[in-house]
Amino acid sequence: MTEHDYEPIPGLPGLLPPGERIVWQGAPDWRVLARYAYHTRAVTAYFGVLGAWAVIAAVARGIRGPGDLSGVALTAMFGIIAVGLLRALAWGAARTSLYTLTNRRVVLRIGVAFPKCINLPLAMIGTVGLAVNPDQSGDIPLALTGERRLGFLALWPHARPWHVAAAQPMLRALPDAAHVASLIARTCLEVQPSGQVTQPVSPAAPANGFGQAVAA
């Protein structure tokens with residue numbers, strides 16, 4: 001039993017008001033979240049380099065017994081622990097996250113230790129971005145208009161990297177990111193008819209190379 005079991009509608013803080021309907025719901029893929037938000041591949045590579053260096057050092061000293069490889073064993077152990085912890089964090093973050101798009105707002109239910117629901121009315125979404133990874137998963141940052149400001153740390157890992165001063169909430173690690181970005185963009189257009197939809201710069205942009213899906 002978790003606090004989310006008491007939600008009247010999964011992912012939402014309360015019942016929908018009259019006239020509002022759910023268009024889409026989804027959650028991060030924890031494996032993709034681990035890879036691109038928690039950088040497990042980079043951490044694995046880092047400890048791999050340390051392990052290789054320890055092996056080279058042991059060979060240079062001359063291996064006389066198992067004790068001479070203790071540095072290699074320790075490096076491997078710490079690497080396994082570090083990657084395991086990061087994967088566990090990613091699994092927890094994905095398990096407690098649910099993104100909801102309605103015909104009036106985007107709702108991010110996020111937070112492992114301190115769950116929260118962040119309501120983003122479609123009228124205050126200025127730009128819907130899109131970054132597609134090589135495996136076709138991707139991230140969707142939402143640039144907000146108006147004076148409302150969100151804290152980067154309160155959002156992370158559901159925040160666009162390197163945008164700390166003007167934090168942008170981001171739907172992360174979605175297997176069907178391109179489809180969802182298009183869906184959000186077109187739903188925003190129903191509220192902001194003056195906006196326009198454009199295609200991303202490239203169909204497979206790197207994780208931090210965001211194309212533009214819609215601009216109001």
# chains A, B, ... in the order shown; residues from 1 in each chain; ligands from 1
call {"tool": "closest_atom_pairs", "arguments": {"of": "segment 102-124 of chain A", "to": "segment 141-159 of chain A", "cutoff": "9 Å", "atoms": "only C-alpha atoms", "output": "JSON lines"}}
result
{"residue": "A:Leu108", "atom": "CA", "partner": "A:His158", "partner_atom": "CA", "distance": 8.7}
{"residue": "A:Ile110", "atom": "CA", "partner": "A:Leu155", "partner_atom": "CA", "distance": 8.0}
{"residue": "A:Gly111", "atom": "CA", "partner": "A:Leu155", "partner_atom": "CA", "distance": 8.3}
{"residue": "A:Leu120", "atom": "CA", "partner": "A:Leu144", "partner_atom": "CA", "distance": 8.5}
{"residue": "A:Ala123", "atom": "CA", "partner": "A:Thr145", "partner_atom": "CA", "distance": 8.5}
{"residue": "A:Met124", "atom": "CA", "partner": "A:Thr145", "partner_atom": "CA", "distance": 5.2}
call {"tool": "write_last_selection", "arguments": {"atoms": "N, CA, C and O atoms", "output": "compact mmCIF listing (two decimals), in the first residue's frame"}}
result
# COMPACT_ATOMS: atom_id res chain seq x y z
N LEU A 108 2.30 16.19 -13.69
CA LEU A 108 3.42 15.33 -13.37
C LEU A 108 3.27 14.88 -11.92
O LEU A 108 3.35 15.68 -10.99
N ILE A 110 5.23 13.00 -9.38
CA ILE A 110 6.62 12.58 -9.25
C ILE A 110 7.02 12.58 -7.77
O ILE A 110 6.30 13.09 -6.92
N GLY A 111 8.20 12.03 -7.51
CA GLY A 111 8.75 12.07 -6.16
C GLY A 111 8.73 10.72 -5.49
O GLY A 111 7.68 10.08 -5.39
N LEU A 120 0.35 21.76 -14.82
CA LEU A 120 0.81 22.72 -15.82
C LEU A 120 -0.33 22.97 -16.81
O LEU A 120 -0.55 22.17 -17.73
N ALA A 123 -2.34 26.44 -21.25
CA ALA A 123 -2.23 27.83 -21.66
C ALA A 123 -0.89 28.44 -21.27
O ALA A 123 -0.47 29.44 -21.86
N MET A 124 -0.18 27.84 -20.29
CA MET A 124 1.09 28.41 -19.86
C MET A 124 2.29 27.64 -20.44
O MET A 124 3.43 27.94 -20.13
call {"tool": "residues_around", "arguments": {"residues": "Ile140 of chain A", "least_positions_apart": "4", "cutoff": "7 Å", "atoms": "only C-alpha atoms", "output": "list of chain:residue names"}}
result
A:Val128, A:Gly129, A:Leu130, A:Ala131, A:Met170, A:Leu171, A:Arg172, A:Ala177, A:Ala181
call {"tool": "write_last_selection", "arguments": {"atoms": "N, CA and C atoms", "output": "PDB file, in the first residue's frame"}}
result
ATOM      1  N   VAL A 128       6.915  23.002 -26.531  1.00  0.00           N
ATOM      2  CA  VAL A 128       7.054  21.572 -26.267  1.00  0.00           C
ATOM      3  C   VAL A 128       8.252  21.084 -27.070  1.00  0.00           C
ATOM      4  N   GLY A 129       9.294  20.639 -26.393  1.00  0.00           N
ATOM      5  CA  GLY A 129      10.501  20.178 -27.074  1.00  0.00           C
ATOM      6  C   GLY A 129      10.509  18.669 -27.231  1.00  0.00           C
ATOM      7  N   LEU A 130      11.491  18.173 -27.930  1.00  0.00           N
ATOM      8  CA  LEU A 130      11.616  16.731 -28.138  1.00  0.00           C
ATOM      9  C   LEU A 130      13.065  16.363 -28.375  1.00  0.00           C
ATOM     10  N   ALA A 131      13.552  15.382 -27.648  1.00  0.00           N
ATOM     11  CA  ALA A 131      14.872  14.798 -27.894  1.00  0.00           C
ATOM     12  C   ALA A 131      14.699  13.292 -28.007  1.00  0.00           C
ATOM     13  N   MET A 170      10.161  18.177 -17.436  1.00  0.00           N
ATOM     14  CA  MET A 170      10.420  17.326 -18.593  1.00  0.00           C
ATOM     15  C   MET A 170       9.862  15.934 -18.371  1.00  0.00           C
ATOM     16  N   LEU A 171       9.161  15.436 -19.355  1.00  0.00           N
ATOM     17  CA  LEU A 171       8.692  14.057 -19.348  1.00  0.00           C
ATOM     18  C   LEU A 171       9.848  13.204 -19.855  1.00  0.00           C
ATOM     19  N   ARG A 172      10.353  12.331 -19.021  1.00  0.00           N
ATOM     20  CA  ARG A 172      11.610  11.645 -19.323  1.00  0.00           C
ATOM     21  C   ARG A 172      11.409  10.186 -19.685  1.00  0.00           C
ATOM     22  N   ALA A 177       8.257   8.732 -27.267  1.00  0.00           N
ATOM     23  CA  ALA A 177       8.369  10.169 -27.015  1.00  0.00           C
ATOM     24  C   ALA A 177       7.883  11.019 -28.190  1.00  0.00           C
ATOM     25  N   ALA A 181       5.010  13.748 -27.779  1.00  0.00           N
ATOM     26  CA  ALA A 181       5.290  15.166 -28.025  1.00  0.00           C
ATOM     27  C   ALA A 181       4.301  15.750 -29.029  1.00  0.00           C
TER      28      ALA A 181
END
call {"tool": "select_by_dssp", "arguments": {"residues": "segment 48-211 of chain A", "states": "alpha helix (DSSP H)", "output": "PyMOL selection string"}}
result
chain A and resi 48-61+70-95+152-155+177-191
call {"tool": "residues_around", "arguments": {"residues": "segment 48-50 of chain A", "least_positions_apart": "2", "cutoff": "9 Å", "atoms": "only C-alpha atoms", "output": "PyMOL selection string"}}
result
chain A and resi 43-46+52-55+72+75-76+79
call {"tool": "write_last_selection", "arguments": {"atoms": "N, CA, C and O atoms", "output": "CSV table (one decimal), in the first residue's frame"}}
result
chain,number,residue,atom,x,y,z
A,43,VAL,N,29.1,5.7,-15.8
A,43,VAL,CA,29.7,5.3,-14.5
A,43,VAL,C,30.3,3.9,-14.7
A,43,VAL,O,31.4,3.6,-14.2
A,44,THR,N,29.7,3.0,-15.5
A,44,THR,CA,30.3,1.7,-15.8
A,44,THR,C,31.6,1.9,-16.5
A,44,THR,O,32.6,1.2,-16.2
A,45,ALA,N,31.6,2.8,-17.5
A,45,ALA,CA,32.9,3.0,-18.2
A,45,ALA,C,34.0,3.6,-17.3
A,45,ALA,O,35.1,3.2,-17.4
A,46,TYR,N,33.6,4.5,-16.4
A,46,TYR,CA,34.6,5.1,-15.5
A,46,TYR,C,35.2,4.0,-14.6
A,46,TYR,O,36.5,3.9,-14.5
A,52,ALA,N,40.9,-1.4,-15.4
A,52,ALA,CA,41.9,-1.6,-16.4
A,52,ALA,C,43.3,-1.1,-15.8
A,52,ALA,O,44.3,-1.7,-16.0
A,53,TRP,N,43.2,0.1,-15.3
A,53,TRP,CA,44.4,0.7,-14.7
A,53,TRP,C,45.0,-0.1,-13.6
A,53,TRP,O,46.2,-0.3,-13.4
A,54,ALA,N,44.1,-0.6,-12.7
A,54,ALA,CA,44.5,-1.5,-11.6
A,54,ALA,C,45.2,-2.8,-12.1
A,54,ALA,O,46.1,-3.2,-11.5
A,55,VAL,N,44.6,-3.3,-13.2
A,55,VAL,CA,45.2,-4.5,-13.7
A,55,VAL,C,46.6,-4.2,-14.3
A,55,VAL,O,47.6,-5.0,-14.1
A,72,VAL,N,42.0,-4.6,-8.0
A,72,VAL,CA,41.1,-4.9,-9.1
A,72,VAL,C,39.7,-5.3,-8.6
A,72,VAL,O,38.7,-4.9,-9.0
A,75,THR,N,37.9,-2.4,-7.0
A,75,THR,CA,37.3,-1.5,-8.0
A,75,THR,C,36.1,-2.1,-8.6
A,75,THR,O,35.1,-1.4,-8.8
A,76,ALA,N,36.1,-3.4,-8.9
A,76,ALA,CA,35.0,-4.1,-9.5
A,76,ALA,C,33.8,-4.0,-8.5
A,76,ALA,O,32.6,-3.8,-8.9
A,79,GLY,N,32.3,-0.6,-8.3
A,79,GLY,CA,31.6,-0.3,-9.6
A,79,GLY,C,30.3,-0.9,-9.6
A,79,GLY,O,29.3,-0.3,-10.0
call {"tool": "residues_around", "arguments": {"residues": "Thr102 of chain A", "least_positions_apart": "5", "cutoff": "7 Å", "atoms": "only C-alpha atoms", "output": "list of chain:residue names"}}
result
A:Glu20, A:Arg21, A:Ile22, A:Val23, A:Trp24
call {"tool": "atom_distance", "arguments": {"atom1": "atom CA of Tyr38 of chain A", "atom2": "atom CA of Asp176 of chain A"}}
result
19.9 Å
call {"tool": "closest_residue", "arguments": {"among": "A:Val180, A:Val112, A:Ala90, A:Ala58", "to": "Ser137 of chain A", "atoms": "only C-alpha atoms"}}
result
A:Val180
call {"tool": "residues_around", "arguments": {"residues": "segment 7-10 of chain A", "least_positions_apart": "4", "cutoff": "10 Å", "atoms": "only C-alpha atoms", "output": "VMD selection string"}}
result
chain A and resid 2 to 3 14 to 16 25 98 to 100 109
call {"tool": "write_last_selection", "arguments": {"atoms": "N, CA and C atoms", "output": "short mmCIF file (atom, residue, chain, number, x, y, z; two decimals), in the first residue's frame"}}
result
data_model
loop_
_atom_site.label_atom_id
_atom_site.label_comp_id
_atom_site.auth_asym_id
_atom_site.auth_seq_id
_atom_site.Cartn_x
_atom_site.Cartn_y
_atom_site.Cartn_z
N THR A 2 0.67 2.12 -0.95
CA THR A 2 1.42 3.37 -1.02
C THR A 2 0.44 4.54 -1.03
N GLU A 3 1.01 5.76 -0.91
CA GLU A 3 0.15 6.94 -0.93
C GLU A 3 -0.59 7.08 -2.25
N GLY A 14 -6.98 14.76 -7.73
CA GLY A 14 -8.41 14.74 -7.44
C GLY A 14 -9.19 14.34 -8.66
N LEU A 15 -10.51 14.32 -8.51
CA LEU A 15 -11.37 13.99 -9.65
C LEU A 15 -11.32 15.10 -10.69
N LEU A 16 -11.51 14.72 -11.94
CA LEU A 16 -11.51 15.71 -13.02
C LEU A 16 -12.76 16.57 -12.94
N GLN A 25 -1.80 8.98 -20.71
CA GLN A 25 -1.02 8.78 -19.50
C GLN A 25 0.16 7.86 -19.81
N LEU A 98 4.17 9.29 -12.83
CA LEU A 98 3.11 9.09 -13.81
C LEU A 98 2.80 10.45 -14.43
N TYR A 99 2.85 10.50 -15.75
CA TYR A 99 2.56 11.73 -16.49
C TYR A 99 1.15 11.62 -17.07
N THR A 100 0.41 12.73 -16.96
CA THR A 100 -0.96 12.74 -17.47
C THR A 100 -1.17 13.97 -18.34
N ARG A 109 3.01 13.60 -11.73
CA ARG A 109 3.03 13.04 -10.38
C ARG A 109 4.40 12.39 -10.20
#
call {"tool": "residues_around", "arguments": {"residues": "segment 182-191 of chain A", "least_positions_apart": "2", "cutoff": "7 Å", "atoms": "only C-alpha atoms", "output": "list in words"}}
result
Asn103, Leu122, Ala123, Val128, Ala178, His179, Val180, Pro193, Gly195, Val197, Ala213 and Val214 of chain A
call {"tool": "atom_distance", "arguments": {"atom1": "atom CA of Arg31 of chain A", "atom2": "atom CA of Asn119 of chain A"}}
result
26.0 Å
call {"tool": "atom_distance", "arguments": {"atom1": "atom CA of Val83 of chain A", "atom2": "atom CA of Thr40 of chain A"}}
result
5.9 Å
